[in-house]
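Text of the file upload_13.cif, holding mmCIF, C-alpha atoms:
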data_final
#
loop_
_atom_site.group_PDB
_atom_site.id
_atom_site.type_symbol
_atom_site.label_atom_id
_atom_site.label_comp_id
_atom_site.auth_asym_id
_atom_site.auth_seq_id
_atom_site.Cartn_x
_atom_site.Cartn_y
_atom_site.Cartn_z
ATOM 1 C CA MET U 30 189.572 98.899 106.387
ATOM 2 C CA LYS U 31 191.063 102.374 106.626
ATOM 3 C CA LEU U 32 193.815 103.306 104.192
ATOM 4 C CA GLU U 33 195.603 106.325 105.599
ATOM 5 C CA ARG U 34 197.848 107.222 102.654
ATOM 6 C CA ILE U 35 200.209 105.836 100.071
ATOM 7 C CA HIS U 36 203.361 104.998 102.027
ATOM 8 C CA HIS U 37 205.703 104.348 99.118
ATOM 9 C CA ALA U 38 206.012 103.446 95.485
ATOM 10 C CA SER U 39 208.886 101.208 94.387
ATOM 11 C CA LEU U 40 210.401 101.586 90.944
ATOM 12 C CA CYS U 41 212.870 99.306 89.173
ATOM 13 C CA VAL U 42 215.935 101.043 87.731
ATOM 14 C CA SER U 43 218.947 99.731 85.816
ATOM 15 C CA ASP U 44 221.388 102.594 86.513
ATOM 16 C CA LEU U 45 221.308 103.628 90.180
ATOM 17 C CA ALA U 46 223.780 106.499 89.819
ATOM 18 C CA ARG U 47 221.740 108.050 87.012
ATOM 19 C CA ALA U 48 218.451 107.487 88.871
ATOM 20 C CA LYS U 49 219.900 109.124 92.008
ATOM 21 C CA VAL U 50 220.834 112.211 89.992
ATOM 22 C CA PHE U 51 217.273 112.409 88.658
ATOM 23 C CA TYR U 52 215.378 111.811 91.915
ATOM 24 C CA GLY U 53 217.843 113.586 94.219
ATOM 25 C CA GLU U 54 219.206 116.458 92.138
ATOM 26 C CA VAL U 55 216.647 117.087 89.387
ATOM 27 C CA LEU U 56 213.491 116.455 91.458
ATOM 28 C CA GLY U 57 215.134 117.563 94.724
ATOM 29 C CA LEU U 58 213.905 114.632 96.820
ATOM 30 C CA GLU U 59 215.661 113.955 100.131
ATOM 31 C CA GLU U 60 217.518 110.624 100.225
ATOM 32 C CA ILE U 61 216.633 108.717 103.404
ATOM 33 C CA PRO U 62 218.195 105.689 105.134
ATOM 34 C CA ARG U 63 217.424 102.275 103.656
ATOM 35 C CA PRO U 64 217.782 98.816 105.253
ATOM 36 C CA ASP U 65 220.761 96.712 104.190
ATOM 37 C CA PHE U 66 218.915 94.664 101.564
ATOM 38 C CA PRO U 67 220.850 92.123 99.445
ATOM 39 C CA PHE U 68 220.222 94.249 96.328
ATOM 40 C CA ALA U 69 221.138 97.817 95.464
ATOM 41 C CA GLY U 70 218.730 100.703 95.667
ATOM 42 C CA ALA U 71 217.946 104.046 97.261
ATOM 43 C CA TRP U 72 215.012 105.529 99.154
ATOM 44 C CA TYR U 73 213.722 109.104 98.932
ATOM 45 C CA ARG U 74 211.188 111.165 100.836
ATOM 46 C CA ALA U 75 208.513 112.782 98.666
ATOM 47 C CA GLY U 76 206.399 114.860 101.056
ATOM 48 C CA ALA U 77 204.553 112.422 103.324
ATOM 49 C CA ASN U 78 205.382 109.549 100.955
ATOM 50 C CA GLU U 79 208.486 107.692 99.831
ATOM 51 C CA VAL U 80 209.955 106.587 96.518
ATOM 52 C CA HIS U 81 212.006 103.370 96.677
ATOM 53 C CA LEU U 82 214.426 102.639 93.834
ATOM 54 C CA ILE U 83 215.282 98.970 93.247
ATOM 55 C CA VAL U 84 218.177 97.967 90.990
ATOM 56 C CA LEU U 85 217.572 94.979 88.751
ATOM 57 C CA GLU U 86 220.545 93.505 86.966
ATOM 58 C CA GLU U 87 220.225 93.715 83.184
ATOM 59 C CA GLY U 88 218.314 90.775 81.747
ATOM 60 C CA THR U 89 216.830 89.697 85.084
ATOM 61 C CA ARG U 90 213.210 89.805 86.161
ATOM 62 C CA PRO U 91 211.769 90.088 89.648
ATOM 63 C CA ALA U 92 211.331 86.768 91.399
ATOM 64 C CA THR U 93 207.926 85.188 91.853
ATOM 65 C CA PRO U 94 205.911 85.172 94.068
ATOM 66 C CA LEU U 95 205.622 88.851 94.989
ATOM 67 C CA ASN U 96 208.601 90.164 96.909
ATOM 68 C CA ALA U 97 210.478 93.424 97.470
ATOM 69 C CA LEU U 98 212.052 93.232 93.995
ATOM 70 C CA HIS U 99 208.706 93.766 92.267
ATOM 71 C CA ARG U 100 207.438 97.212 91.324
ATOM 72 C CA HIS U 101 204.800 97.981 93.895
ATOM 73 C CA MET U 102 202.894 100.613 95.808
ATOM 74 C CA ALA U 103 202.331 100.248 99.543
ATOM 75 C CA PHE U 104 199.607 101.826 101.661
ATOM 76 C CA ALA U 105 199.909 102.890 105.281
ATOM 77 C CA ILE U 106 196.907 101.429 107.106
ATOM 78 C CA GLU U 107 195.366 101.912 110.514
ATOM 79 C CA ASP U 108 194.929 98.221 111.461
ATOM 80 C CA VAL U 109 196.730 95.476 109.519
ATOM 81 C CA GLY U 110 194.642 92.713 111.116
ATOM 82 C CA ALA U 111 191.337 94.333 110.189
ATOM 83 C CA ALA U 112 192.575 95.097 106.662
ATOM 84 C CA SER U 113 193.725 91.506 106.182
ATOM 85 C CA ALA U 114 190.392 90.138 107.416
ATOM 86 C CA GLU U 115 188.441 92.473 105.111
ATOM 87 C CA LEU U 116 190.542 91.538 102.075
ATOM 88 C CA GLU U 117 190.186 87.806 102.827
ATOM 89 C CA LYS U 118 186.406 88.221 103.196
ATOM 90 C CA ARG U 119 186.099 89.997 99.827
#
Rewrite the coordinates I just gave you, this time as structure tokens.
Amino acid sequence: MKLERIHHASLCVSDLARAKVFYGEVLGLEEIPRPDFPFAGAWYRAGANEVHLIVLEEGTRPATPLNALHRHMAFAIEDVGAASAELEKR
């Protein structure tokens, strides 16, 4: 299994406007297009990686099992089939 790099890290935020000021203006990250998900958020480029902001309504928790609303880190990989087989084997 060959991990090429971290592709993105997703972070849960409660105030998207405030988070966008921090990541876009304070840190100077470039905001990039994001799919039309059924929840609010924003994506930023951070060098070769991305930061994905996910808005969770106050008092709510991410759904189970794992889905896009969970905090997570994703790796770019060379071969998803080989990586899946290796992880299943181990």
Name every residue that the PyMOL selection byres ((chain U and resi 52) around 12) selects in this structure, writing the answer as a VMD selection string with chains first and numbers rising.
chain U and resid 40 42 45 to 51 53 to 61 71 to 75 79 to 82
Separation of CA of Phe66 in chain U from CA of Ser43 in chain U, in Å and rounded to one decimal
16.5 Å
Residues at most 6 Å from range 100-117 of chain U, counting all atoms listed in the file, excluding those fewer than 5 positions away in the same chain, as a list in words?
Met30, Lys31, Leu32, Glu33, Arg34, Ile35, His36, His37, Ala38, Ser39 and Leu40 of chain U
Some atoms are missing, so please complete range 40-74 of chain U with N, CA and C atoms and return it as a PDB file, in the coordinates of the input.
ATOM      1  N   LEU U  40     210.139 101.566  92.379  1.00  0.00           N
ATOM      2  CA  LEU U  40     210.401 101.586  90.944  1.00  0.00           C
ATOM      3  C   LEU U  40     211.682 100.832  90.648  1.00  0.00           C
ATOM      4  N   CYS U  41     211.676 100.043  89.587  1.00  0.00           N
ATOM      5  CA  CYS U  41     212.870  99.306  89.173  1.00  0.00           C
ATOM      6  C   CYS U  41     213.716 100.199  88.267  1.00  0.00           C
ATOM      7  N   VAL U  42     215.009 100.262  88.543  1.00  0.00           N
ATOM      8  CA  VAL U  42     215.935 101.043  87.731  1.00  0.00           C
ATOM      9  C   VAL U  42     217.118 100.163  87.351  1.00  0.00           C
ATOM     10  N   SER U  43     217.773 100.503  86.241  1.00  0.00           N
ATOM     11  CA  SER U  43     218.947  99.731  85.816  1.00  0.00           C
ATOM     12  C   SER U  43     220.248 100.468  86.110  1.00  0.00           C
ATOM     13  N   ASP U  44     220.194 101.788  86.267  1.00  0.00           N
ATOM     14  CA  ASP U  44     221.388 102.594  86.513  1.00  0.00           C
ATOM     15  C   ASP U  44     221.135 103.446  87.752  1.00  0.00           C
ATOM     16  N   LEU U  45     221.602 102.955  88.916  1.00  0.00           N
ATOM     17  CA  LEU U  45     221.308 103.628  90.180  1.00  0.00           C
ATOM     18  C   LEU U  45     221.920 105.023  90.228  1.00  0.00           C
ATOM     19  N   ALA U  46     223.144 105.180  89.771  1.00  0.00           N
ATOM     20  CA  ALA U  46     223.780 106.499  89.819  1.00  0.00           C
ATOM     21  C   ALA U  46     222.965 107.524  89.027  1.00  0.00           C
ATOM     22  N   ARG U  47     222.526 107.146  87.844  1.00  0.00           N
ATOM     23  CA  ARG U  47     221.740 108.050  87.012  1.00  0.00           C
ATOM     24  C   ARG U  47     220.376 108.341  87.656  1.00  0.00           C
ATOM     25  N   ALA U  48     219.745 107.309  88.212  1.00  0.00           N
ATOM     26  CA  ALA U  48     218.451 107.487  88.871  1.00  0.00           C
ATOM     27  C   ALA U  48     218.587 108.401  90.086  1.00  0.00           C
ATOM     28  N   LYS U  49     219.696 108.276  90.837  1.00  0.00           N
ATOM     29  CA  LYS U  49     219.900 109.124  92.008  1.00  0.00           C
ATOM     30  C   LYS U  49     220.069 110.588  91.609  1.00  0.00           C
ATOM     31  N   VAL U  50     220.721 110.830  90.484  1.00  0.00           N
ATOM     32  CA  VAL U  50     220.834 112.211  89.992  1.00  0.00           C
ATOM     33  C   VAL U  50     219.441 112.753  89.687  1.00  0.00           C
ATOM     34  N   PHE U  51     218.617 111.955  89.009  1.00  0.00           N
ATOM     35  CA  PHE U  51     217.273 112.409  88.658  1.00  0.00           C
ATOM     36  C   PHE U  51     216.422 112.667  89.890  1.00  0.00           C
ATOM     37  N   TYR U  52     216.278 111.665  90.767  1.00  0.00           N
ATOM     38  CA  TYR U  52     215.378 111.811  91.915  1.00  0.00           C
ATOM     39  C   TYR U  52     215.931 112.768  92.971  1.00  0.00           C
ATOM     40  N   GLY U  53     217.247 112.735  93.192  1.00  0.00           N
ATOM     41  CA  GLY U  53     217.843 113.586  94.219  1.00  0.00           C
ATOM     42  C   GLY U  53     218.147 114.998  93.761  1.00  0.00           C
ATOM     43  N   GLU U  54     218.783 115.131  92.582  1.00  0.00           N
ATOM     44  CA  GLU U  54     219.206 116.458  92.138  1.00  0.00           C
ATOM     45  C   GLU U  54     218.162 117.152  91.265  1.00  0.00           C
ATOM     46  N   VAL U  55     217.615 116.458  90.284  1.00  0.00           N
ATOM     47  CA  VAL U  55     216.647 117.087  89.387  1.00  0.00           C
ATOM     48  C   VAL U  55     215.325 117.337  90.111  1.00  0.00           C
ATOM     49  N   LEU U  56     214.769 116.289  90.755  1.00  0.00           N
ATOM     50  CA  LEU U  56     213.491 116.455  91.458  1.00  0.00           C
ATOM     51  C   LEU U  56     213.657 117.038  92.860  1.00  0.00           C
ATOM     52  N   GLY U  57     214.874 116.979  93.409  1.00  0.00           N
ATOM     53  CA  GLY U  57     215.134 117.563  94.724  1.00  0.00           C
ATOM     54  C   GLY U  57     214.594 116.773  95.894  1.00  0.00           C
ATOM     55  N   LEU U  58     214.395 115.452  95.711  1.00  0.00           N
ATOM     56  CA  LEU U  58     213.905 114.632  96.820  1.00  0.00           C
ATOM     57  C   LEU U  58     215.035 114.356  97.805  1.00  0.00           C
ATOM     58  N   GLU U  59     214.696 114.242  99.075  1.00  0.00           N
ATOM     59  CA  GLU U  59     215.661 113.955 100.131  1.00  0.00           C
ATOM     60  C   GLU U  59     215.919 112.454 100.200  1.00  0.00           C
ATOM     61  N   GLU U  60     217.186 112.044 100.066  1.00  0.00           N
ATOM     62  CA  GLU U  60     217.518 110.624 100.225  1.00  0.00           C
ATOM     63  C   GLU U  60     217.438 110.282 101.706  1.00  0.00           C
ATOM     64  N   ILE U  61     216.821 109.146 102.013  1.00  0.00           N
ATOM     65  CA  ILE U  61     216.633 108.717 103.404  1.00  0.00           C
ATOM     66  C   ILE U  61     217.281 107.350 103.608  1.00  0.00           C
ATOM     67  N   PRO U  62     217.563 106.982 104.864  1.00  0.00           N
ATOM     68  CA  PRO U  62     218.195 105.689 105.134  1.00  0.00           C
ATOM     69  C   PRO U  62     217.354 104.525 104.622  1.00  0.00           C
ATOM     70  N   ARG U  63     218.041 103.475 104.227  1.00  0.00           N
ATOM     71  CA  ARG U  63     217.424 102.275 103.656  1.00  0.00           C
ATOM     72  C   ARG U  63     218.019 101.059 104.350  1.00  0.00           C
ATOM     73  N   PRO U  64     217.223 100.037 104.653  1.00  0.00           N
ATOM     74  CA  PRO U  64     217.782  98.816 105.253  1.00  0.00           C
ATOM     75  C   PRO U  64     218.841  98.196 104.350  1.00  0.00           C
ATOM     76  N   ASP U  65     219.672  97.360 104.926  1.00  0.00           N
ATOM     77  CA  ASP U  65     220.761  96.712 104.190  1.00  0.00           C
ATOM     78  C   ASP U  65     220.224  95.492 103.437  1.00  0.00           C
ATOM     79  N   PHE U  66     219.458  95.747 102.370  1.00  0.00           N
ATOM     80  CA  PHE U  66     218.915  94.664 101.564  1.00  0.00           C
ATOM     81  C   PHE U  66     220.020  94.020 100.737  1.00  0.00           C
ATOM     82  N   PRO U  67     219.822  92.785 100.266  1.00  0.00           N
ATOM     83  CA  PRO U  67     220.850  92.123  99.445  1.00  0.00           C
ATOM     84  C   PRO U  67     220.811  92.553  97.974  1.00  0.00           C
ATOM     85  N   PHE U  68     220.246  93.699  97.679  1.00  0.00           N
ATOM     86  CA  PHE U  68     220.222  94.249  96.328  1.00  0.00           C
ATOM     87  C   PHE U  68     220.362  95.764  96.454  1.00  0.00           C
ATOM     88  N   ALA U  69     220.889  96.378  95.431  1.00  0.00           N
ATOM     89  CA  ALA U  69     221.138  97.817  95.464  1.00  0.00           C
ATOM     90  C   ALA U  69     219.852  98.611  95.313  1.00  0.00           C
ATOM     91  N   GLY U  70     219.872  99.827  95.798  1.00  0.00           N
ATOM     92  CA  GLY U  70     218.730 100.703  95.667  1.00  0.00           C
ATOM     93  C   GLY U  70     218.931 101.966  96.463  1.00  0.00           C
ATOM     94  N   ALA U  71     217.923 102.802  96.499  1.00  0.00           N
ATOM     95  CA  ALA U  71     217.946 104.046  97.261  1.00  0.00           C
ATOM     96  C   ALA U  71     216.509 104.414  97.596  1.00  0.00           C
ATOM     97  N   TRP U  72     216.332 105.081  98.740  1.00  0.00           N
ATOM     98  CA  TRP U  72     215.012 105.529  99.154  1.00  0.00           C
ATOM     99  C   TRP U  72     215.012 107.047  99.258  1.00  0.00           C
ATOM    100  N   TYR U  73     213.875 107.653  98.890  1.00  0.00           N
ATOM    101  CA  TYR U  73     213.722 109.104  98.932  1.00  0.00           C
ATOM    102  C   TYR U  73     212.412 109.471  99.596  1.00  0.00           C
ATOM    103  N   ARG U  74     212.411 110.624 100.273  1.00  0.00           N
ATOM    104  CA  ARG U  74     211.188 111.165 100.836  1.00  0.00           C
ATOM    105  C   ARG U  74     210.569 112.089  99.799  1.00  0.00           C
TER     106      ARG U  74
END
